[in-house]
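Have a look at the structure below before the remarks.
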Amino acid sequence: MTARKLTSKGIALAEILKLAGVEFGERLRGKALANYLLVEAADGYRAVFALPELDPAFNDRAIILADRRDGSPLTARDGPWQIVVVGEKRQARWVRQVVALTIRNSQIGSVPKDSPPKVKE
């Protein structure tokens, strides 16, 4: 069985986030490296991307917010917006029906350095 190649069109997530004030390139360093993007779908499905994954200064992977596939608008099942991660082996983070993009910091609420880690049993 031969896999069919699909062509998705949209805008790079990094470009959308730059418009919202997220800094990439040389300014993405230090504590900012703990920031991540939370992508949410209409059905409650969520996926996370570390900001360096989205930054062309860190890697060459294309991660887009697509609105078209094979020249046509996305179907109601997938759209109007879908995350597409070019080259990712599993499509588990290809969130469809995207309703929210939220920047968060993983250091908020983290355990202080002098506190021992807690493990739930």
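By convention in this document, the chains of the structure tokens carry letters A, B, ... by their order, each chain's residues are numbered from 1, and ligands are numbered from 1 in the order they are shown.
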| query | Residues at most 8 Å from segment 46-48 of chain A, counting only C-alpha atoms, excluding those fewer than 5 positions away in the same chain, as a PyMOL selection string? | reply | chain A and resi 36-41+93+95
| field | Distance query Ala50 of chain A at most 12 Å, only C-alpha atoms, self and fewer than 3 positions along chain excluded, as a ChimeraX atom specification | value | /A:13-14,24,28,32-39,47,53-55,58-59,63,102-106
| request: Excluding Gln82 of chain A and residues on its chain fewer than 3 positions from it, collect all residues at most 9 Å away from it, counting only C-alpha atoms, and give them as a PyMOL selection string. | output: chain A and resi 10+41+64-68+74+78-79+94-98
Store the residues picked out above, limited to N, CA and C atoms, as a compact mmCIF listing (two decimals), in the first residue's frame.
```
# COMPACT_ATOMS: atom_id res chain seq x y z
N GLY A 10 -0.72 26.98 5.14
CA GLY A 10 -1.09 27.81 6.27
C GLY A 10 0.04 28.76 6.58
N ALA A 41 -7.99 22.25 21.16
CA ALA A 41 -8.98 21.95 20.13
C ALA A 41 -10.39 22.11 20.67
N ILE A 64 3.04 24.40 11.24
CA ILE A 64 2.14 25.42 10.71
C ILE A 64 0.74 25.31 11.27
N LEU A 65 0.03 26.43 11.19
CA LEU A 65 -1.40 26.45 11.46
C LEU A 65 -2.04 26.46 10.08
N ALA A 66 -2.52 25.29 9.67
CA ALA A 66 -3.02 25.11 8.31
C ALA A 66 -4.51 25.43 8.22
N ASP A 67 -4.90 25.96 7.06
CA ASP A 67 -6.31 26.18 6.77
C ASP A 67 -6.72 25.53 5.44
N ARG A 68 -5.74 24.90 4.77
CA ARG A 68 -6.03 24.26 3.48
C ARG A 68 -5.26 22.94 3.38
N LEU A 74 -9.91 23.22 4.77
CA LEU A 74 -10.05 22.03 5.61
C LEU A 74 -11.52 21.70 5.81
N ASP A 78 -11.71 18.62 10.43
CA ASP A 78 -10.34 19.02 10.74
C ASP A 78 -10.16 20.51 11.00
N GLY A 79 -10.99 21.34 10.41
CA GLY A 79 -10.76 22.79 10.46
C GLY A 79 -11.72 23.53 11.35
N TRP A 94 -0.89 16.86 15.80
CA TRP A 94 -1.57 17.53 14.68
C TRP A 94 -2.99 17.87 15.15
N VAL A 95 -3.09 18.86 15.98
CA VAL A 95 -4.37 19.23 16.59
C VAL A 95 -5.30 19.78 15.51
N ARG A 96 -6.50 19.23 15.44
CA ARG A 96 -7.48 19.74 14.48
C ARG A 96 -8.52 20.58 15.22
N GLN A 97 -9.26 21.38 14.50
CA GLN A 97 -10.27 22.27 15.07
C GLN A 97 -9.67 23.13 16.19
N VAL A 98 -8.53 23.77 15.89
CA VAL A 98 -7.83 24.59 16.88
C VAL A 98 -8.70 25.78 17.27
```
| task | Check chain A with DSSP on the backbone and list each residue it calls alpha helix (DSSP H), as a ChimeraX atom specification. | result | /A:13-19,51-54
| said: What's the separation between atom CA of Val99 of chain A and atom CA of Ala62 of chain A, in Å to one decimal place? | reply: 20.3 Å
| Which of chain A fall in strand (DSSP E or B), as JSON, numbers by chain | {"A": [8, 9, 10, 11, 12, 35, 36, 37, 38, 39, 40, 41, 46, 47, 48, 49, 50, 63, 64, 65, 66, 67, 68, 69, 72, 73, 82, 83, 84, 85, 96, 98, 99, 100, 101, 102, 103, 104, 105]}
Got time to write the residues from that selection, N, CA and C atoms, as an mmCIF file, in the first residue's frame?
```
data_model
loop_
_atom_site.group_PDB
_atom_site.id
_atom_site.type_symbol
_atom_site.label_atom_id
_atom_site.label_comp_id
_atom_site.auth_asym_id
_atom_site.auth_seq_id
_atom_site.Cartn_x
_atom_site.Cartn_y
_atom_site.Cartn_z
ATOM 1 N N SER A 8 -0.430 20.534 2.850
ATOM 2 C CA SER A 8 -1.154 21.467 3.714
ATOM 3 C C SER A 8 -0.577 22.865 3.530
ATOM 4 N N LYS A 9 -1.438 23.860 3.604
ATOM 5 C CA LYS A 9 -1.023 25.258 3.477
ATOM 6 C C LYS A 9 -1.523 26.028 4.687
ATOM 7 N N GLY A 10 -0.718 26.979 5.141
ATOM 8 C CA GLY A 10 -1.090 27.806 6.271
ATOM 9 C C GLY A 10 0.038 28.763 6.585
ATOM 10 N N ILE A 11 0.143 29.148 7.841
ATOM 11 C CA ILE A 11 1.175 30.070 8.280
ATOM 12 C C ILE A 11 1.991 29.415 9.399
ATOM 13 N N ALA A 12 3.287 29.687 9.407
ATOM 14 C CA ALA A 12 4.157 29.135 10.449
ATOM 15 C C ALA A 12 3.700 29.642 11.815
ATOM 16 N N ASN A 35 9.358 28.517 28.335
ATOM 17 C CA ASN A 35 8.026 28.835 27.818
ATOM 18 C C ASN A 35 7.604 27.792 26.791
ATOM 19 N N TYR A 36 6.310 27.571 26.721
ATOM 20 C CA TYR A 36 5.788 26.616 25.748
ATOM 21 C C TYR A 36 4.452 27.097 25.208
ATOM 22 N N LEU A 37 4.070 26.517 24.097
ATOM 23 C CA LEU A 37 2.786 26.820 23.469
ATOM 24 C C LEU A 37 1.822 25.677 23.762
ATOM 25 N N LEU A 38 0.668 26.014 24.302
ATOM 26 C CA LEU A 38 -0.404 25.046 24.517
ATOM 27 C C LEU A 38 -1.425 25.266 23.406
ATOM 28 N N VAL A 39 -1.678 24.227 22.632
ATOM 29 C CA VAL A 39 -2.653 24.282 21.545
ATOM 30 C C VAL A 39 -3.886 23.510 21.995
ATOM 31 N N GLU A 40 -5.063 24.160 21.878
ATOM 32 C CA GLU A 40 -6.301 23.525 22.321
ATOM 33 C C GLU A 40 -7.283 23.375 21.169
ATOM 34 N N ALA A 41 -7.992 22.252 21.157
ATOM 35 C CA ALA A 41 -8.981 21.950 20.129
ATOM 36 C C ALA A 41 -10.395 22.110 20.672
ATOM 37 N N ARG A 46 -5.496 18.580 23.603
ATOM 38 C CA ARG A 46 -4.419 19.556 23.791
ATOM 39 C C ARG A 46 -3.091 18.954 23.374
ATOM 40 N N ALA A 47 -2.183 19.834 22.932
ATOM 41 C CA ALA A 47 -0.809 19.440 22.632
ATOM 42 C C ALA A 47 0.099 20.593 23.031
ATOM 43 N N VAL A 48 1.355 20.245 23.336
ATOM 44 C CA VAL A 48 2.322 21.229 23.803
ATOM 45 C C VAL A 48 3.533 21.244 22.874
ATOM 46 N N PHE A 49 4.056 22.461 22.646
ATOM 47 C CA PHE A 49 5.281 22.652 21.877
ATOM 48 C C PHE A 49 6.201 23.582 22.664
ATOM 49 N N ALA A 50 7.430 23.153 22.932
ATOM 50 C CA ALA A 50 8.416 24.048 23.524
ATOM 51 C C ALA A 50 8.734 25.129 22.498
ATOM 52 N N ILE A 63 6.323 23.892 11.460
ATOM 53 C CA ILE A 63 5.110 23.650 12.238
ATOM 54 C C ILE A 63 4.156 24.770 11.865
ATOM 55 N N ILE A 64 3.043 24.404 11.241
ATOM 56 C CA ILE A 64 2.144 25.422 10.709
ATOM 57 C C ILE A 64 0.738 25.306 11.268
ATOM 58 N N LEU A 65 0.033 26.428 11.194
ATOM 59 C CA LEU A 65 -1.397 26.449 11.459
ATOM 60 C C LEU A 65 -2.043 26.461 10.079
ATOM 61 N N ALA A 66 -2.517 25.294 9.671
ATOM 62 C CA ALA A 66 -3.024 25.112 8.313
ATOM 63 C C ALA A 66 -4.512 25.430 8.219
ATOM 64 N N ASP A 67 -4.895 25.957 7.058
ATOM 65 C CA ASP A 67 -6.311 26.178 6.769
ATOM 66 C C ASP A 67 -6.724 25.528 5.442
ATOM 67 N N ARG A 68 -5.744 24.900 4.770
ATOM 68 C CA ARG A 68 -6.025 24.255 3.483
ATOM 69 C C ARG A 68 -5.260 22.939 3.381
ATOM 70 N N ARG A 69 -5.846 21.991 2.648
ATOM 71 C CA ARG A 69 -5.189 20.723 2.351
ATOM 72 C C ARG A 69 -5.492 20.375 0.904
ATOM 73 N N SER A 72 -7.752 22.823 -1.032
ATOM 74 C CA SER A 72 -9.120 23.094 -0.584
ATOM 75 C C SER A 72 -9.139 23.450 0.897
ATOM 76 N N PRO A 73 -10.140 24.232 1.320
ATOM 77 C CA PRO A 73 -10.267 24.511 2.755
ATOM 78 C C PRO A 73 -10.404 23.208 3.541
ATOM 79 N N GLN A 82 -5.820 23.651 11.655
ATOM 80 C CA GLN A 82 -5.193 22.429 12.149
ATOM 81 C C GLN A 82 -3.690 22.639 12.244
ATOM 82 N N ILE A 83 -3.100 22.169 13.341
ATOM 83 C CA ILE A 83 -1.651 22.180 13.476
ATOM 84 C C ILE A 83 -1.090 21.044 12.629
ATOM 85 N N VAL A 84 -0.069 21.341 11.830
ATOM 86 C CA VAL A 84 0.618 20.339 11.023
ATOM 87 C C VAL A 84 2.104 20.428 11.357
ATOM 88 N N VAL A 85 2.693 19.296 11.745
ATOM 89 C CA VAL A 85 4.106 19.238 12.103
ATOM 90 C C VAL A 85 4.818 18.412 11.040
ATOM 91 N N ARG A 96 -6.499 19.234 15.435
ATOM 92 C CA ARG A 96 -7.483 19.743 14.479
ATOM 93 C C ARG A 96 -8.519 20.581 15.225
ATOM 94 N N VAL A 98 -8.529 23.765 15.891
ATOM 95 C CA VAL A 98 -7.833 24.593 16.879
ATOM 96 C C VAL A 98 -8.704 25.783 17.272
ATOM 97 N N VAL A 99 -8.841 25.982 18.592
ATOM 98 C CA VAL A 99 -9.625 27.114 19.108
ATOM 99 C C VAL A 99 -8.788 28.079 19.947
ATOM 100 N N ALA A 100 -7.598 27.637 20.416
ATOM 101 C CA ALA A 100 -6.789 28.523 21.249
ATOM 102 C C ALA A 100 -5.313 28.167 21.150
ATOM 103 N N LEU A 101 -4.488 29.225 21.166
ATOM 104 C CA LEU A 101 -3.033 29.113 21.262
ATOM 105 C C LEU A 101 -2.636 29.939 22.478
ATOM 106 N N THR A 102 -2.014 29.304 23.477
ATOM 107 C CA THR A 102 -1.678 29.985 24.719
ATOM 108 C C THR A 102 -0.213 29.759 25.055
ATOM 109 N N ILE A 103 0.504 30.852 25.344
ATOM 110 C CA ILE A 103 1.890 30.739 25.783
ATOM 111 C C ILE A 103 1.890 30.602 27.298
ATOM 112 N N ARG A 104 2.624 29.621 27.786
ATOM 113 C CA ARG A 104 2.739 29.389 29.229
ATOM 114 C C ARG A 104 4.203 29.209 29.591
ATOM 115 N N ASN A 105 4.486 29.286 30.896
ATOM 116 C CA ASN A 105 5.841 29.108 31.386
ATOM 117 C C ASN A 105 5.858 27.917 32.318
#
```
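With only C-alpha atoms as the basis for measurement, A:Asp70 is the residue among A:Gln107, A:Arg90, A:Asp70, A:Pro80 that approaches Leu6 of chain A most closely.
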